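> Let me begin by handing over the structure; questions about it come next.
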Amino acid sequence: MKKHNFYAGPSILPQYTIENTAKAIHNFADTGLSIMEISHRSKQFIAVMDETVALFKELLNIPEGYSVLFLGGGASSQFAMIPYNILNKKAAYLNTGSWAKKAIKEAKLFGEVDVVASSEDKNFTYIPKGYTIPSDADYFHITTNNTIYGTEIREDFDIDIPLIADMSSDIFSRVLDVSKYAIIYGGAQKNLAPAGVTFVIIKNDILGKIERSIPTMLNYQTHIDKGSMFNTPPCLPIYAALQTLNWLKNNGGVEAMEKINLEKAGMLYNEIDRNKLFKGTVEKEDRSIMNICFIMNEEYKHLETDFFEFASSKGMIGIKGHRSVGGFRASTYNAMPKESIQALIDVMKEFESMKA
Ligand SMILES: *Cc1c(COP(=O)(O)O)cnc(C)c1O
């Protein structure tokens, strides 16, 4: 039976990425060696790094004056690395979910944190609006896509202080104006590569403005100066990321991807809104196009396990909602084909006809 992979992360990757990476595990760039056993200083791997950075910049239209880094440690390490490198006195944060809260916790180790707005009062089912960003803060931090709750900011804010965004789960899902941001970062395991590599897009001139000394490995400048090769980079995930970027380019780039993503999400939200058994969990205007959360309507709550088992029997994988939301979550990253969305919709319809 065909499996439809709706996992939130690590998550679905293009078949192209998996096949090419598998080939390179056996024989990388005609070296007769595996990508896993070749020096990161070899000319073949340096070419991979250079190409990955170049394609990353090309696909996101990254302007001059920015660096693209590939680091270890996950997005979670960035929660601390950002304030370590650029928080002087005060930083502003938008609290839109668990990941934002974790970022706030780390920032507090380095200075004053002004949480300008929070949607925690309603279990993060909306994106706060109409707040004021203090002009004396060193930066404003947002989580553009809230992977757990299924809300998303799909707009590039125009603000007066440096804007920093955790885009772990929506990078490459929509056209982006990188020039509006000082730092964009994320774990690659949601929309780009297997776990193990963290991307950081950083505006070079944001650095060098703080007094404290920073450990070498946690200093962005180290990695900018050495082109992410100060220490051994995560070679295999970077190679896989390059395959995904090639796949993206071959499929029309981010613009084409955004169009398909909107279409896919629209199809599934339409079914959630139409189907008598289900309802969405977040404000419609803030709905994510990457992580689609839904629950059973009150009178059908007792059917939750039944639906989960029915869907599983039809090949739907990873649709269990995060424990802090419950219900279901379908992650519809770039690599997810429209056919899988349709298959899930068919299952929802079939279950409705059996039960409602
Ligand atoms: C998954 C996720 C993280 C955590 O990423 P790690 O690489 O596991 O540290 C952080 N932020 C968001 C928005 C995520 O979806």
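FYI, nothing fancy with the structure tokens labels: chains A, B, ... in order, residues from 1 per chain, ligands from 1 as they appear.
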Within 9 Å of ligand 1, counting only C-alpha atoms and all ligand atoms, which protein or nucleic acid residues do you find, written as a PyMOL selection string?
chain A and resi 8-10+72-79+97-100+102-103+143-148+166-170+185-190+195-198
> Which residues in range 276-330 of chain A does DSSP call helix (DSSP H, G or I)? List them as a PyMOL selection string.
chain A and resi 284-286+298-313
> Residues of the last selection are to be written out with N, CA and C atoms, as a PDB file, in the first residue's frame.

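File written: result_35.pdb
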```pdb
ATOM      1  N   LYS A 284      -8.957  31.349  11.129  1.00  0.00           N
ATOM      2  CA  LYS A 284      -8.795  31.081   9.700  1.00  0.00           C
ATOM      3  C   LYS A 284      -7.725  31.950   9.042  1.00  0.00           C
ATOM      4  N   GLU A 285      -7.661  33.206   9.440  1.00  0.00           N
ATOM      5  CA  GLU A 285      -6.719  34.112   8.771  1.00  0.00           C
ATOM      6  C   GLU A 285      -5.262  33.796   9.118  1.00  0.00           C
ATOM      7  N   ASP A 286      -5.052  32.996  10.171  1.00  0.00           N
ATOM      8  CA  ASP A 286      -3.684  32.681  10.587  1.00  0.00           C
ATOM      9  C   ASP A 286      -3.288  31.241  10.270  1.00  0.00           C
ATOM     10  N   GLU A 298     -17.271  18.289  18.572  1.00  0.00           N
ATOM     11  CA  GLU A 298     -17.630  17.820  19.916  1.00  0.00           C
ATOM     12  C   GLU A 298     -18.429  16.505  19.898  1.00  0.00           C
ATOM     13  N   GLU A 299     -19.498  16.455  19.090  1.00  0.00           N
ATOM     14  CA  GLU A 299     -20.368  15.258  19.142  1.00  0.00           C
ATOM     15  C   GLU A 299     -19.711  14.006  18.543  1.00  0.00           C
ATOM     16  N   TYR A 300     -18.549  14.181  17.909  1.00  0.00           N
ATOM     17  CA  TYR A 300     -17.874  13.017  17.324  1.00  0.00           C
ATOM     18  C   TYR A 300     -16.541  12.703  18.003  1.00  0.00           C
ATOM     19  N   LYS A 301     -16.280  13.412  19.105  1.00  0.00           N
ATOM     20  CA  LYS A 301     -14.998  13.265  19.835  1.00  0.00           C
ATOM     21  C   LYS A 301     -14.635  11.803  20.110  1.00  0.00           C
ATOM     22  N   HIS A 302     -15.641  11.006  20.423  1.00  0.00           N
ATOM     23  CA  HIS A 302     -15.395   9.603  20.771  1.00  0.00           C
ATOM     24  C   HIS A 302     -14.857   8.793  19.586  1.00  0.00           C
ATOM     25  N   LEU A 303     -14.916   9.380  18.386  1.00  0.00           N
ATOM     26  CA  LEU A 303     -14.462   8.647  17.186  1.00  0.00           C
ATOM     27  C   LEU A 303     -12.999   8.921  16.831  1.00  0.00           C
ATOM     28  N   GLU A 304     -12.320   9.679  17.705  1.00  0.00           N
ATOM     29  CA  GLU A 304     -10.964  10.103  17.368  1.00  0.00           C
ATOM     30  C   GLU A 304     -10.023   8.919  17.105  1.00  0.00           C
ATOM     31  N   THR A 305     -10.004   7.989  18.020  1.00  0.00           N
ATOM     32  CA  THR A 305      -9.118   6.827  17.855  1.00  0.00           C
ATOM     33  C   THR A 305      -9.534   6.011  16.632  1.00  0.00           C
ATOM     34  N   ASP A 306     -10.832   5.884  16.436  1.00  0.00           N
ATOM     35  CA  ASP A 306     -11.345   5.156  15.263  1.00  0.00           C
ATOM     36  C   ASP A 306     -10.836   5.778  13.970  1.00  0.00           C
ATOM     37  N   PHE A 307     -10.926   7.101  13.919  1.00  0.00           N
ATOM     38  CA  PHE A 307     -10.479   7.760  12.684  1.00  0.00           C
ATOM     39  C   PHE A 307      -8.986   7.574  12.486  1.00  0.00           C
ATOM     40  N   PHE A 308      -8.254   7.711  13.589  1.00  0.00           N
ATOM     41  CA  PHE A 308      -6.807   7.547  13.480  1.00  0.00           C
ATOM     42  C   PHE A 308      -6.470   6.154  12.935  1.00  0.00           C
ATOM     43  N   GLU A 309      -7.148   5.147  13.453  1.00  0.00           N
ATOM     44  CA  GLU A 309      -6.872   3.773  13.014  1.00  0.00           C
ATOM     45  C   GLU A 309      -7.330   3.545  11.571  1.00  0.00           C
ATOM     46  N   PHE A 310      -8.476   4.110  11.244  1.00  0.00           N
ATOM     47  CA  PHE A 310      -8.996   3.987   9.872  1.00  0.00           C
ATOM     48  C   PHE A 310      -8.016   4.629   8.886  1.00  0.00           C
ATOM     49  N   ALA A 311      -7.579   5.851   9.223  1.00  0.00           N
ATOM     50  CA  ALA A 311      -6.647   6.569   8.340  1.00  0.00           C
ATOM     51  C   ALA A 311      -5.333   5.803   8.227  1.00  0.00           C
ATOM     52  N   SER A 312      -4.861   5.270   9.342  1.00  0.00           N
ATOM     53  CA  SER A 312      -3.608   4.498   9.321  1.00  0.00           C
ATOM     54  C   SER A 312      -3.751   3.283   8.410  1.00  0.00           C
ATOM     55  N   SER A 313      -4.920   2.643   8.480  1.00  0.00           N
ATOM     56  CA  SER A 313      -5.134   1.446   7.660  1.00  0.00           C
ATOM     57  C   SER A 313      -5.155   1.788   6.174  1.00  0.00           C
TER      58      SER A 313
END
```
> Name the closest residue to Lys209 in chain A among the candidates A:Lys349, A:Arg329, A:Lys89, A:Lys108; distances are taken between atoms, counting only C-alpha atoms.
A:Lys89
> Per DSSP on the backbone, what are the strand (DSSP E or B) residues of range 84-251 of chain A, as a VMD selection string?
chain A and resid 90 to 95 112 to 118 140 to 143 145 to 146 151 to 152 163 to 166 183 to 187 198 to 203
> Next, write the just-selected residues to a file, as a short mmCIF file (atom, residue, chain, number, x, y, z; two decimals), in the first residue's frame, keeping C-alpha atoms as the atom set.

```cif
data_model
loop_
_atom_site.label_atom_id
_atom_site.label_comp_id
_atom_site.auth_asym_id
_atom_site.auth_seq_id
_atom_site.Cartn_x
_atom_site.Cartn_y
_atom_site.Cartn_z
CA LYS A 90 17.00 44.25 25.48
CA ALA A 91 15.30 42.10 22.88
CA ALA A 92 11.67 41.88 21.80
CA TYR A 93 9.93 38.54 21.17
CA LEU A 94 6.54 37.48 19.86
CA ASN A 95 5.21 34.49 21.77
CA GLU A 112 16.08 41.84 29.22
CA VAL A 113 13.32 40.25 27.13
CA ASP A 114 10.21 42.17 26.20
CA VAL A 115 7.48 39.75 25.11
CA VAL A 116 5.48 42.25 23.07
CA ALA A 117 2.46 39.98 22.60
CA SER A 118 1.41 36.40 23.22
CA PHE A 140 12.54 41.52 17.28
CA HIS A 141 12.20 37.73 17.12
CA ILE A 142 9.31 35.87 15.51
CA THR A 143 8.49 32.25 14.70
CA ASN A 145 5.41 29.02 11.26
CA ASN A 146 4.21 27.43 14.47
CA THR A 151 -0.50 29.09 12.68
CA GLU A 152 1.73 31.04 10.34
CA LEU A 163 13.97 41.31 12.44
CA ILE A 164 14.90 37.72 13.27
CA ALA A 165 12.82 34.72 12.26
CA ASP A 166 12.75 31.03 13.10
CA ILE A 183 18.67 36.60 10.61
CA ILE A 184 16.57 33.72 9.32
CA TYR A 185 17.33 30.29 10.74
CA GLY A 186 15.95 26.82 11.13
CA GLY A 187 16.54 23.13 11.46
CA THR A 198 20.84 24.00 10.69
CA PHE A 199 20.70 26.83 8.20
CA VAL A 200 21.37 30.44 9.19
CA ILE A 201 20.94 33.37 6.82
CA ILE A 202 22.63 36.30 8.48
CA LYS A 203 23.17 39.91 7.57
#
```
> Near range 273-278 of chain A, counting only C-alpha atoms, which residues have an atom at most 8 Å away, once you skip same-chain residues fewer than 2 positions from it, shown as a list in words?
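Listed by chain and then number, they are Tyr269, Asn270, Glu271, Gly280, Phe294, Ile295, Met296, Asn297, Tyr300, Met348, Lys349, Glu352 and Ala356 of chain A.
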> Which one of A:Lys279, A:Ile86, A:Met49, A:Lys105 sits closest to Asn219 in chain A if you count only C-alpha atoms?
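Answer, going by the shortest atom-to-atom distance: A:Ile86.
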> Looking at only C-alpha atoms, which of A:Thr244, A:Gln221, A:Asn191, A:Ser119 is the one that sits closest to Asp205 in chain A?
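Using only C-alpha atoms, Asp205 in chain A sits closest to A:Gln221.
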